[in-house]
$ cat structure.cif   # mmCIF, C-alpha atoms
data_model
loop_
_atom_site.label_atom_id
_atom_site.label_comp_id
_atom_site.auth_asym_id
_atom_site.auth_seq_id
_atom_site.Cartn_x
_atom_site.Cartn_y
_atom_site.Cartn_z
CA MET A 1 -6.69 94.73 -37.37
CA GLU A 2 -8.17 96.64 -34.44
CA MET A 3 -9.19 94.82 -31.26
CA ASN A 4 -12.85 95.83 -31.47
CA GLU A 5 -12.99 94.43 -35.01
CA ILE A 6 -11.55 91.12 -33.80
CA ILE A 7 -14.03 90.98 -30.91
CA GLU A 8 -16.93 91.62 -33.28
CA ILE A 9 -15.94 88.77 -35.60
CA VAL A 10 -15.30 86.35 -32.74
CA GLU A 11 -18.54 87.27 -31.00
CA GLU A 12 -20.58 86.78 -34.16
CA TYR A 13 -19.04 83.34 -34.69
CA ILE A 14 -19.64 82.24 -31.11
CA LEU A 15 -23.22 83.51 -31.09
CA GLN A 16 -23.98 81.68 -34.36
CA ASN A 17 -22.74 78.46 -32.80
CA ILE A 18 -24.52 78.76 -29.48
CA GLY A 19 -27.75 79.99 -31.06
CA GLU A 20 -28.02 82.97 -28.73
CA ASP A 21 -28.43 86.71 -29.35
CA SER A 22 -25.85 87.93 -26.86
CA ILE A 23 -23.19 86.73 -24.43
CA GLU A 24 -20.86 88.35 -21.89
CA HIS A 25 -17.35 88.64 -23.28
CA ASP A 26 -15.94 87.15 -20.08
CA TYR A 27 -18.31 84.20 -20.00
CA ASP A 28 -16.61 80.79 -20.12
CA ILE A 29 -18.22 79.17 -23.17
CA PHE A 30 -17.13 75.66 -22.14
CA GLU A 31 -18.48 75.87 -18.61
CA ASP A 32 -21.97 74.51 -17.99
CA GLY A 33 -21.79 72.73 -21.36
CA LEU A 34 -22.79 75.81 -23.37
CA MET A 35 -20.35 74.59 -26.00
CA SER A 36 -19.21 70.99 -26.19
CA SER A 37 -15.49 70.42 -25.79
CA LEU A 38 -15.56 69.11 -29.37
CA PHE A 39 -16.27 72.68 -30.47
CA THR A 40 -12.66 73.57 -29.62
CA ILE A 41 -11.54 71.84 -32.82
CA THR A 42 -14.02 73.77 -34.97
CA LEU A 43 -13.09 77.00 -33.18
CA MET A 44 -9.37 76.54 -33.89
CA THR A 45 -10.08 75.96 -37.58
CA PHE A 46 -12.18 79.13 -37.68
CA ILE A 47 -9.49 81.19 -35.95
CA GLU A 48 -6.74 80.00 -38.28
CA LYS A 49 -8.76 80.50 -41.48
CA GLN A 50 -10.48 83.75 -40.55
CA PHE A 51 -7.38 85.53 -39.25
CA ASN A 52 -4.70 83.71 -41.25
CA ILE A 53 -2.72 82.70 -38.17
CA LYS A 54 -1.25 79.42 -36.97
CA VAL A 55 -2.16 77.87 -33.62
CA THR A 56 0.92 76.02 -32.39
CA MET A 57 1.29 73.22 -29.87
CA GLU A 58 2.51 75.80 -27.35
CA ASP A 59 -0.72 77.78 -27.75
CA LEU A 60 -2.91 74.84 -26.73
CA ASP A 61 -4.13 76.12 -23.40
CA ILE A 62 -7.90 76.24 -23.00
CA GLU A 63 -7.49 79.55 -21.14
CA ASN A 64 -6.61 81.12 -24.49
CA PHE A 65 -9.95 80.13 -25.99
CA ASN A 66 -12.61 79.92 -23.33
CA THR A 67 -14.05 83.45 -23.51
CA ILE A 68 -14.58 85.96 -26.31
CA ASN A 69 -12.08 88.27 -24.62
CA HIS A 70 -9.41 85.59 -24.27
CA ILE A 71 -9.87 84.43 -27.88
CA SER A 72 -9.63 88.01 -29.15
CA GLU A 73 -6.55 88.76 -27.06
CA PHE A 74 -4.91 85.61 -28.38
CA ILE A 75 -5.66 86.58 -31.98
CA LYS A 76 -4.41 90.15 -31.45
CA LYS A 77 -1.15 88.82 -30.02
CA LYS A 78 -0.68 86.51 -33.00
CA LEU A 79 -1.36 89.25 -35.50
CA LYS A 80 1.43 91.45 -34.13
CA MET B 1 1.19 45.92 -26.85
CA GLN B 2 -0.44 43.09 -28.79
CA PHE B 3 -2.07 45.17 -31.51
CA LYS B 4 0.49 47.39 -33.20
CA LYS B 5 -0.80 47.81 -36.74
CA ILE B 6 -4.48 48.27 -37.37
CA GLY B 7 -6.37 48.03 -40.64
CA VAL B 8 -9.20 50.59 -40.81
CA ILE B 9 -11.61 50.22 -43.71
CA GLY B 10 -13.58 53.37 -44.46
CA ALA B 11 -12.29 56.93 -44.07
CA GLY B 12 -15.56 58.57 -43.12
CA THR B 13 -16.44 60.14 -39.79
CA MET B 14 -15.84 56.99 -37.73
CA GLY B 15 -12.76 55.90 -39.66
CA ILE B 16 -11.23 59.32 -39.08
CA GLY B 17 -12.02 59.34 -35.35
CA LEU B 18 -10.76 55.80 -34.96
CA THR B 19 -7.50 56.60 -36.76
CA VAL B 20 -6.94 59.57 -34.45
CA ASP B 21 -7.56 57.44 -31.37
CA LEU B 22 -5.20 54.76 -32.64
CA LEU B 23 -2.51 57.41 -33.17
CA PHE B 24 -3.07 58.75 -29.65
CA HIS B 25 -2.31 55.21 -28.46
CA ASN B 26 0.82 54.85 -30.62
CA LYS B 27 -0.60 52.41 -33.12
CA CYS B 28 0.15 52.37 -36.83
CA VAL B 29 -2.81 52.48 -39.16
CA VAL B 30 -3.56 51.41 -42.69
CA LEU B 31 -6.59 53.52 -43.67
CA VAL B 32 -8.44 52.31 -46.74
CA ASP B 33 -11.12 53.96 -48.82
CA ILE B 34 -12.24 53.87 -52.41
CA SER B 35 -10.93 57.23 -53.59
CA GLU B 36 -7.88 59.43 -53.20
CA GLU B 37 -10.15 62.43 -52.74
CA ILE B 38 -11.85 60.86 -49.72
CA LEU B 39 -8.45 59.92 -48.28
CA GLU B 40 -7.08 63.45 -48.79
CA LYS B 41 -10.06 64.93 -46.94
CA ALA B 42 -9.67 62.34 -44.19
CA LYS B 43 -5.99 63.16 -43.81
CA ALA B 44 -6.72 66.88 -43.45
CA GLU B 45 -9.37 66.16 -40.83
CA ILE B 46 -7.11 63.76 -38.92
CA ILE B 47 -4.32 66.34 -38.83
CA LYS B 48 -6.78 68.97 -37.58
CA ILE B 49 -8.01 66.73 -34.77
CA VAL B 50 -4.50 65.57 -33.79
CA ARG B 51 -3.44 69.23 -33.59
CA PHE B 52 -6.38 70.53 -31.57
CA ALA B 53 -8.01 67.66 -29.67
CA PRO B 54 -5.61 68.08 -26.69
CA LEU B 55 -7.53 71.29 -25.94
CA MET B 56 -10.45 69.11 -25.00
CA GLY B 57 -8.50 67.82 -22.01
CA LYS B 58 -9.67 64.28 -21.15
CA GLY B 59 -6.03 63.11 -21.08
CA ILE B 60 -5.59 63.48 -24.84
CA PRO B 61 -1.85 63.63 -25.65
CA THR B 62 -0.23 66.51 -27.48
CA MET B 63 1.42 65.22 -30.65
CA ASP B 64 3.21 66.74 -33.58
CA PHE B 65 0.87 66.34 -36.54
CA LYS B 66 3.81 65.02 -38.61
CA ILE B 67 3.08 61.74 -36.86
CA VAL B 68 0.15 61.31 -39.23
CA ASP B 69 2.50 60.83 -42.19
CA GLU B 70 4.78 58.60 -40.16
CA MET B 71 2.15 56.27 -38.74
CA VAL B 72 -0.78 56.27 -41.16
CA LYS B 73 -0.76 54.68 -44.59
CA PHE B 74 -3.58 56.16 -46.68
CA THR B 75 -4.48 53.80 -49.50
CA THR B 76 -7.17 52.72 -51.96
CA ASP B 77 -5.67 49.21 -52.04
CA ILE B 78 -7.42 46.99 -49.48
CA GLU B 79 -4.70 44.36 -49.86
CA GLU B 80 -2.40 46.62 -47.85
CA VAL B 81 -4.18 45.47 -44.66
CA ALA B 82 -2.78 41.96 -45.11
CA SER B 83 -0.11 42.56 -42.45
CA CYS B 84 -2.41 44.17 -39.88
CA ASP B 85 -3.03 42.70 -36.43
CA ILE B 86 -6.76 43.39 -36.49
CA ILE B 87 -9.19 44.87 -38.98
CA ILE B 88 -11.87 47.43 -38.15
CA GLU B 89 -14.43 48.02 -40.83
CA ASN B 90 -16.32 51.33 -40.86
CA ALA B 91 -17.65 51.43 -44.39
CA THR B 92 -21.01 52.93 -45.26
CA GLU B 93 -24.06 51.18 -43.78
CA ASP B 94 -24.87 49.35 -47.00
CA TRP B 95 -24.99 45.58 -47.03
CA SER B 96 -23.82 45.12 -50.62
CA ILE B 97 -20.72 47.19 -49.92
CA LYS B 98 -19.95 45.48 -46.62
CA GLU B 99 -20.43 42.02 -48.10
CA GLY B 100 -17.89 42.74 -50.82
CA ILE B 101 -15.40 44.04 -48.29
CA TYR B 102 -15.64 40.98 -46.06
CA ARG B 103 -15.32 38.52 -48.90
CA ASN B 104 -12.18 40.39 -49.91
CA LEU B 105 -10.80 40.47 -46.37
CA SER B 106 -11.35 36.71 -46.02
CA GLU B 107 -8.95 36.19 -48.91
CA ILE B 108 -6.43 38.83 -47.89
CA CYS B 109 -6.03 38.37 -44.13
CA PRO B 110 -4.33 35.48 -42.33
CA LYS B 111 -6.73 33.06 -40.63
CA GLY B 112 -6.09 34.19 -37.05
CA ILE B 113 -7.00 37.83 -37.64
CA ASN B 114 -10.20 39.15 -36.12
CA PHE B 115 -12.64 41.30 -38.06
CA VAL B 116 -14.28 44.07 -36.06
CA VAL B 117 -17.51 45.30 -37.58
CA ASP B 118 -18.09 48.91 -36.59
CA THR B 119 -21.71 49.06 -37.62
CA SER B 120 -24.64 50.81 -36.07
CA CYS B 121 -27.24 48.34 -37.31
CA ILE B 122 -26.13 45.49 -39.52
CA SER B 123 -26.23 41.97 -38.07
CA ILE B 124 -22.84 40.66 -36.94
CA THR B 125 -24.07 37.12 -37.57
CA LYS B 126 -24.89 38.10 -41.16
CA VAL B 127 -21.42 39.59 -41.63
CA GLY B 128 -19.83 36.48 -40.13
CA GLY B 129 -21.72 34.37 -42.63
CA CYS B 130 -19.98 35.95 -45.59
CA THR B 131 -16.48 35.43 -44.18
CA ASP B 132 -14.29 32.38 -43.82
CA ARG B 133 -14.13 32.95 -40.04
CA PRO B 134 -17.50 33.71 -38.39
CA ASP B 135 -15.96 32.80 -35.03
CA ARG B 136 -13.54 35.72 -35.45
CA VAL B 137 -16.11 38.35 -36.33
CA ILE B 138 -17.26 40.68 -33.58
CA GLY B 139 -19.16 43.93 -33.61
CA ILE B 140 -17.74 46.95 -31.84
CA HIS B 141 -19.88 50.01 -32.06
CA PHE B 142 -17.52 52.89 -31.38
CA MET B 143 -19.12 56.15 -30.28
CA ASN B 144 -18.43 59.54 -31.85
CA PRO B 145 -15.90 61.10 -31.18
CA VAL B 146 -13.99 57.85 -30.79
CA PHE B 147 -11.00 59.38 -29.02
CA ALA B 148 -13.20 60.91 -26.30
CA LYS B 149 -15.45 57.96 -25.46
CA LYS B 150 -14.22 55.31 -23.03
CA THR B 151 -17.06 52.84 -23.46
CA VAL B 152 -18.19 50.95 -26.53
CA GLU B 153 -21.02 48.62 -27.34
CA ALA B 154 -19.65 45.21 -28.36
CA ILE B 155 -21.87 42.71 -30.13
CA ARG B 156 -21.51 38.95 -30.04
CA GLY B 157 -22.56 37.33 -33.32
CA TYR B 158 -24.10 33.85 -33.21
CA HIS B 159 -20.72 32.22 -33.93
CA THR B 160 -18.37 34.74 -32.26
CA SER B 161 -15.94 32.76 -30.12
CA GLU B 162 -14.86 33.47 -26.55
CA ARG B 163 -11.31 33.80 -27.85
CA CYS B 164 -12.38 36.54 -30.27
CA ILE B 165 -14.16 38.36 -27.45
CA GLN B 166 -11.08 38.10 -25.22
CA GLU B 167 -8.81 39.45 -27.93
CA ALA B 168 -11.23 42.28 -28.67
CA ASN B 169 -11.19 43.18 -24.97
CA ILE B 170 -7.39 43.25 -24.99
CA PHE B 171 -7.46 45.54 -28.03
CA LEU B 172 -9.97 47.83 -26.35
CA GLU B 173 -7.92 47.92 -23.14
CA GLU B 174 -4.95 49.08 -25.21
CA LEU B 175 -7.17 52.00 -26.28
CA GLY B 176 -8.24 52.69 -22.72
CA LYS B 177 -11.78 51.54 -23.41
CA LYS B 178 -14.20 49.00 -22.03
CA ALA B 179 -16.99 47.14 -23.76
CA ILE B 180 -20.58 46.44 -22.85
CA LEU B 181 -21.17 43.10 -24.55
CA VAL B 182 -24.67 42.62 -25.95
CA ASN B 183 -26.36 40.14 -28.25
CA ASP B 184 -27.00 40.43 -31.93
CA TYR B 185 -30.31 41.91 -32.98
CA THR B 186 -30.54 44.71 -35.51
CA GLY B 187 -29.62 48.04 -33.96
CA PHE B 188 -28.31 46.30 -30.82
CA VAL B 189 -29.11 48.59 -27.87
CA SER B 190 -27.77 52.02 -28.76
CA ASN B 191 -29.02 52.47 -32.29
CA ARG B 192 -32.31 50.67 -31.90
CA ILE B 193 -33.33 53.13 -29.21
CA SER B 194 -31.41 56.26 -30.29
CA HIS B 195 -32.72 56.18 -33.86
CA LEU B 196 -36.31 56.03 -32.66
CA PHE B 197 -35.47 59.05 -30.53
CA MET B 198 -33.84 61.05 -33.36
CA ASN B 199 -36.55 60.08 -35.84
CA GLU B 200 -39.34 61.18 -33.51
CA ALA B 201 -37.49 64.45 -32.87
CA ALA B 202 -37.51 65.02 -36.65
CA PHE B 203 -41.27 64.32 -36.71
CA VAL B 204 -41.77 66.90 -33.96
CA VAL B 205 -40.01 69.51 -36.14
CA GLN B 206 -41.87 68.39 -39.27
CA ASP B 207 -45.21 68.75 -37.46
CA GLY B 208 -44.33 72.29 -36.42
CA VAL B 209 -44.40 71.48 -32.71
CA ALA B 210 -41.01 73.07 -32.05
CA THR B 211 -37.81 74.25 -33.75
CA PRO B 212 -34.72 72.01 -33.73
CA ALA B 213 -33.07 74.24 -31.10
CA GLN B 214 -36.13 74.03 -28.88
CA VAL B 215 -36.28 70.25 -29.16
CA ASP B 216 -32.62 69.89 -28.26
CA THR B 217 -32.82 72.40 -25.42
CA VAL B 218 -35.69 70.45 -23.80
CA PHE B 219 -33.49 67.38 -23.57
CA LYS B 220 -30.35 69.21 -22.55
CA GLU B 221 -31.85 71.44 -19.90
CA CYS B 222 -34.76 69.35 -18.65
CA PHE B 223 -33.12 65.92 -18.86
CA GLY B 224 -29.41 66.73 -18.59
CA HIS B 225 -28.49 65.28 -21.99
CA THR B 226 -25.11 66.48 -23.27
CA MET B 227 -26.48 66.81 -26.78
CA GLY B 228 -30.02 66.94 -28.08
CA PRO B 229 -31.36 64.37 -30.57
CA LEU B 230 -31.12 66.68 -33.58
CA GLU B 231 -27.59 67.86 -32.81
CA THR B 232 -26.71 64.19 -32.51
CA ALA B 233 -28.34 63.42 -35.86
CA ASP B 234 -26.36 66.24 -37.48
CA LEU B 235 -23.15 64.92 -35.96
CA ILE B 236 -23.78 61.35 -37.15
CA GLY B 237 -24.92 62.51 -40.58
CA LEU B 238 -28.57 62.51 -41.63
CA ASP B 239 -27.84 60.10 -44.50
CA THR B 240 -26.38 57.61 -42.02
CA VAL B 241 -29.37 58.08 -39.70
CA MET B 242 -31.76 57.52 -42.58
CA LYS B 243 -29.93 54.38 -43.78
CA SER B 244 -29.93 52.97 -40.25
CA LEU B 245 -33.68 53.58 -39.94
CA GLU B 246 -34.17 51.76 -43.24
CA VAL B 247 -32.17 48.78 -41.96
CA LEU B 248 -34.19 48.76 -38.72
CA TYR B 249 -37.47 48.98 -40.63
CA GLU B 250 -36.47 46.24 -43.06
CA ASN B 251 -35.44 43.90 -40.26
CA TYR B 252 -38.24 44.46 -37.77
CA GLN B 253 -41.01 45.34 -40.25
CA ASP B 254 -42.27 47.65 -37.52
CA PRO B 255 -43.73 50.99 -38.68
CA LYS B 256 -42.24 52.70 -35.66
CA PHE B 257 -38.97 52.68 -37.63
CA ARG B 258 -40.39 54.34 -40.76
CA CYS B 259 -38.14 57.26 -41.68
CA CYS B 260 -39.54 60.76 -41.09
CA PRO B 261 -40.29 62.40 -44.48
CA LEU B 262 -38.51 65.57 -43.35
CA LEU B 263 -35.32 63.58 -42.76
CA ARG B 264 -35.61 61.98 -46.20
CA LYS B 265 -36.18 65.37 -47.83
CA MET B 266 -33.13 66.84 -46.10
CA VAL B 267 -30.99 63.93 -47.29
CA ASP B 268 -32.33 64.41 -50.84
CA ALA B 269 -31.31 68.07 -50.60
CA ASN B 270 -27.83 67.09 -49.36
CA LEU B 271 -28.43 68.77 -45.99
CA LEU B 272 -26.62 66.02 -44.14
CA GLY B 273 -25.53 67.88 -41.02
CA LYS B 274 -22.00 68.65 -39.94
CA LYS B 275 -20.35 66.81 -42.83
CA THR B 276 -21.96 69.11 -45.43
CA GLY B 277 -22.10 72.26 -43.30
CA LYS B 278 -25.87 72.24 -42.90
CA GLY B 279 -28.48 69.96 -41.43
CA PHE B 280 -30.86 70.89 -38.67
CA TYR B 281 -28.22 73.49 -37.85
CA GLN B 282 -25.74 75.52 -39.84
CA TYR B 283 -22.00 74.78 -39.37
#
$ encode --input "structure.cif" --output "structure tokens"
Amino acid sequence: MEMNEIIEIVEEYILQNIGEDSIEHDYDIFEDGLMSSLFTITLMTFIEKQFNIKVTMEDLDIENFNTINHISEFIKKKLK
Amino acid sequence: MQFKKIGVIGAGTMGIGLTVDLLFHNKCVVLVDISEEILEKAKAEIIKIVRFAPLMGKGIPTMDFKIVDEMVKFTTDIEEVASCDIIIENATEDWSIKEGIYRNLSEICPKGINFVVDTSCISITKVGGCTDRPDRVIGIHFMNPVFAKKTVEAIRGYHTSERCIQEANIFLEELGKKAILVNDYTGFVSNRISHLFMNEAAFVVQDGVATPAQVDTVFKECFGHTMGPLETADLIGLDTVMKSLEVLYENYQDPKFRCCPLLRKMVDANLLGKKTGKGFYQY
């Protein structure tokens, strides 16, 4: 899967959940309470199901999942 | 550690969160519900939370999810809680169901075991009255998500003893929590006030004053709330909110607790919030 395709899917999911029309891809979605920290659990489930990948204990660093770019890079790495 | 094995009755939202928190604090759990299907769903949810909750920070430990099989007994047989050190009941907010459970527990559990009623509205004194040990019945209203909230509302029933309160405090300390102890009137503090708030928010939407997102944004951005009233309702479950309003209305006979027709309609349509994927918001 190409990176821009991954970014598009991730962005659509994030926007649906924050109820906004657009967001910077480097914006920290957990800063300023835009997303509750509880959303991390829902986000992981989405990532695993949508992209058929497994998030391991070693992957559990919030830096992997706090921006659209970071999430997409993480997914791309897992798909290799 | 005084409380090693905990009986949790009810594998819904609160039972799941409680089980996760107990695991995070190295306690064994016997989780009881009425059907294997409910227990299977609960197990999947517990595993998901155990795997990913550490991302939330807040000092949540990283654990191999295999611990769920090792430390949680999922069962439809309530008698399996007979060897537990304390019982926490989180069944649906329905008096006839709760009454049956407590009469059962009175027969199953040794005399010195405390019963913790995790209810949002039902009288602790009333629960105590249908057990063989009203002095050992205490309410503890855990907040959602259980593993992330350090404070609980504890409710002293009319007959709840000081010993029961002390032991409950020890149990809560083992979970890294503290209790605000209040007296027993329907809804206590949190639900009596919060349900008025959520219900009125639903009326505001019903009357076309604002959309759910607008209502929630007002409270988040103008008042600094972490979550708005309608997001909170979706998280709790609109059926649970509705039942709690009915209990409040029945007990106080005050029309301020009458359930918003929009809420009732959404429950009738099975739009219950997060648990069904749609409520005031889509999930």
$ resolve_selection --input "structure.cif" --expression "the PyMOL selection byres ((chain B) within 10 of (chain A))" --output "list of chain:residue names"
B:Lys48, B:Ile49, B:Val50, B:Arg51, B:Phe52, B:Ala53, B:Pro54, B:Leu55, B:Met56, B:Gly57, B:Lys58, B:Thr62, B:Met63, B:Asp64, B:Phe65, B:Pro145, B:Ala148, B:Ala213, B:Lys220, B:Thr226, B:Met227, B:Tyr281, B:Gln282, B:Tyr283
$ resolve_selection --input "structure.cif" --expression "the PyMOL selection byres ((chain A and resi 3-5) around 8)" --output "PDB file with C-alpha atoms, in the frame of the given file"
ATOM      1  CA  MET A   1      -6.690  94.730 -37.370  1.00  0.00           C
ATOM      2  CA  GLU A   2      -8.170  96.640 -34.440  1.00  0.00           C
ATOM      3  CA  ILE A   6     -11.550  91.120 -33.800  1.00  0.00           C
ATOM      4  CA  ILE A   7     -14.030  90.980 -30.910  1.00  0.00           C
ATOM      5  CA  GLU A   8     -16.930  91.620 -33.280  1.00  0.00           C
ATOM      6  CA  ILE A   9     -15.940  88.770 -35.600  1.00  0.00           C
ATOM      7  CA  SER A  72      -9.630  88.010 -29.150  1.00  0.00           C
ATOM      8  CA  GLU A  73      -6.550  88.760 -27.060  1.00  0.00           C
ATOM      9  CA  LYS A  76      -4.410  90.150 -31.450  1.00  0.00           C
TER      10      LYS A  76
END
$ closest_residue --input "structure.cif" --among "A:Leu79, A:Ser22, A:Tyr27, A:Val10" --to "Ile47 (chain A)" --atoms "only C-alpha atoms"
A:Val10
$ atom_distance --input "structure.cif" --atom1 "CA of Ser244 (chain B)" --atom2 "CA of Asp135 (chain B)"
25.1 Å
$ atom_distance --input "structure.cif" --atom1 "CA of Cys28 (chain B)" --atom2 "CA of Ala154 (chain B)"
22.7 Å
$ closest_residue --input "structure.cif" --among "B:Asp216, B:Val81, B:Ile236, B:Asp268" --to "Glu107 (chain B)" --atoms "all atoms listed in the file"
B:Val81
$ residues_near_point --input "structure.cif" --point "(-33.0, 67.5, -30.3)" --cutoff "9 Å" --atoms "only C-alpha atoms" --output "number ranges by chain"
B: 197-198, 201-202, 211-220, 227-233
$ atom_distance --input "structure.cif" --atom1 "CA of Pro261 (chain B)" --atom2 "CA of Arg192 (chain B)"
19.0 Å
$ resolve_selection --input "structure.cif" --expression "the PyMOL selection byres ((chain A and resi 24) around 10)" --output "PyMOL selection string"
chain A and resi 11+22-23+25-29+67-69
$ residues_around --input "structure.cif" --residues "Asp239 (chain B)" --least-positions-apart "2" --cutoff "8 Å" --atoms "only C-alpha atoms" --output "PDB file with C-alpha atoms, keeping the file's coordinate frame"
ATOM      1  CA  GLY B 237     -24.920  62.510 -40.580  1.00  0.00           C
ATOM      2  CA  VAL B 241     -29.370  58.080 -39.700  1.00  0.00           C
ATOM      3  CA  MET B 242     -31.760  57.520 -42.580  1.00  0.00           C
ATOM      4  CA  LYS B 243     -29.930  54.380 -43.780  1.00  0.00           C
ATOM      5  CA  VAL B 267     -30.990  63.930 -47.290  1.00  0.00           C
ATOM      6  CA  LEU B 272     -26.620  66.020 -44.140  1.00  0.00           C
TER       7      LEU B 272
END
$ decode --input "structure.cif" --residues "region 116-157 of chain B" --atoms "C-alpha atoms" --output "JSON list (two decimals), in the first residue's frame"
[["chain", "number", "residue", "atom", "x", "y", "z"],
["B", 116, "VAL", "CA", -19.64, -3.63, 47.18],
["B", 117, "VAL", "CA", -22.55, -2.23, 45.23],
["B", 118, "ASP", "CA", -21.29, -0.45, 42.14],
["B", 119, "THR", "CA", -24.50, 1.35, 41.34],
["B", 120, "SER", "CA", -25.12, 4.79, 39.98],
["B", 121, "CYS", "CA", -28.51, 5.23, 41.64],
["B", 122, "ILE", "CA", -29.93, 2.37, 43.65],
["B", 123, "SER", "CA", -30.14, 2.78, 47.43],
["B", 124, "ILE", "CA", -27.38, 0.99, 49.33],
["B", 125, "THR", "CA", -29.70, 0.71, 52.32],
["B", 126, "LYS", "CA", -32.25, -1.05, 50.11],
["B", 127, "VAL", "CA", -29.61, -3.48, 48.85],
["B", 128, "GLY", "CA", -28.44, -4.12, 52.41],
["B", 129, "GLY", "CA", -31.99, -4.98, 53.36],
["B", 130, "CYS", "CA", -32.13, -7.94, 51.03],
["B", 131, "THR", "CA", -28.87, -9.47, 52.29],
["B", 132, "ASP", "CA", -27.97, -11.31, 55.47],
["B", 133, "ARG", "CA", -25.32, -8.66, 56.24],
["B", 134, "PRO", "CA", -26.49, -5.04, 55.80],
["B", 135, "ASP", "CA", -23.54, -3.93, 57.93],
["B", 136, "ARG", "CA", -21.20, -5.31, 55.27],
["B", 137, "VAL", "CA", -22.82, -3.66, 52.29],
["B", 138, "ILE", "CA", -21.24, -0.49, 50.95],
["B", 139, "GLY", "CA", -21.67, 1.42, 47.73],
["B", 140, "ILE", "CA", -18.64, 2.26, 45.64],
["B", 141, "HIS", "CA", -19.41, 4.16, 42.52],
["B", 142, "PHE", "CA", -16.44, 3.58, 40.25],
["B", 143, "MET", "CA", -15.93, 6.07, 37.44],
["B", 144, "ASN", "CA", -15.41, 5.15, 33.79],
["B", 145, "PRO", "CA", -12.71, 4.19, 32.78],
["B", 146, "VAL", "CA", -12.05, 2.51, 36.13],
["B", 147, "PHE", "CA", -8.33, 1.99, 35.56],
["B", 148, "ALA", "CA", -7.76, 5.71, 34.86],
["B", 149, "LYS", "CA", -9.73, 7.27, 37.72],
["B", 150, "LYS", "CA", -8.11, 7.62, 41.13],
["B", 151, "THR", "CA", -11.15, 8.79, 43.05],
["B", 152, "VAL", "CA", -14.46, 7.06, 43.67],
["B", 153, "GLU", "CA", -17.69, 7.99, 45.33],
["B", 154, "ALA", "CA", -18.35, 5.68, 48.29],
["B", 155, "ILE", "CA", -21.80, 5.49, 49.84],
["B", 156, "ARG", "CA", -22.60, 4.57, 53.41],
["B", 157, "GLY", "CA", -25.89, 2.69, 53.71]]
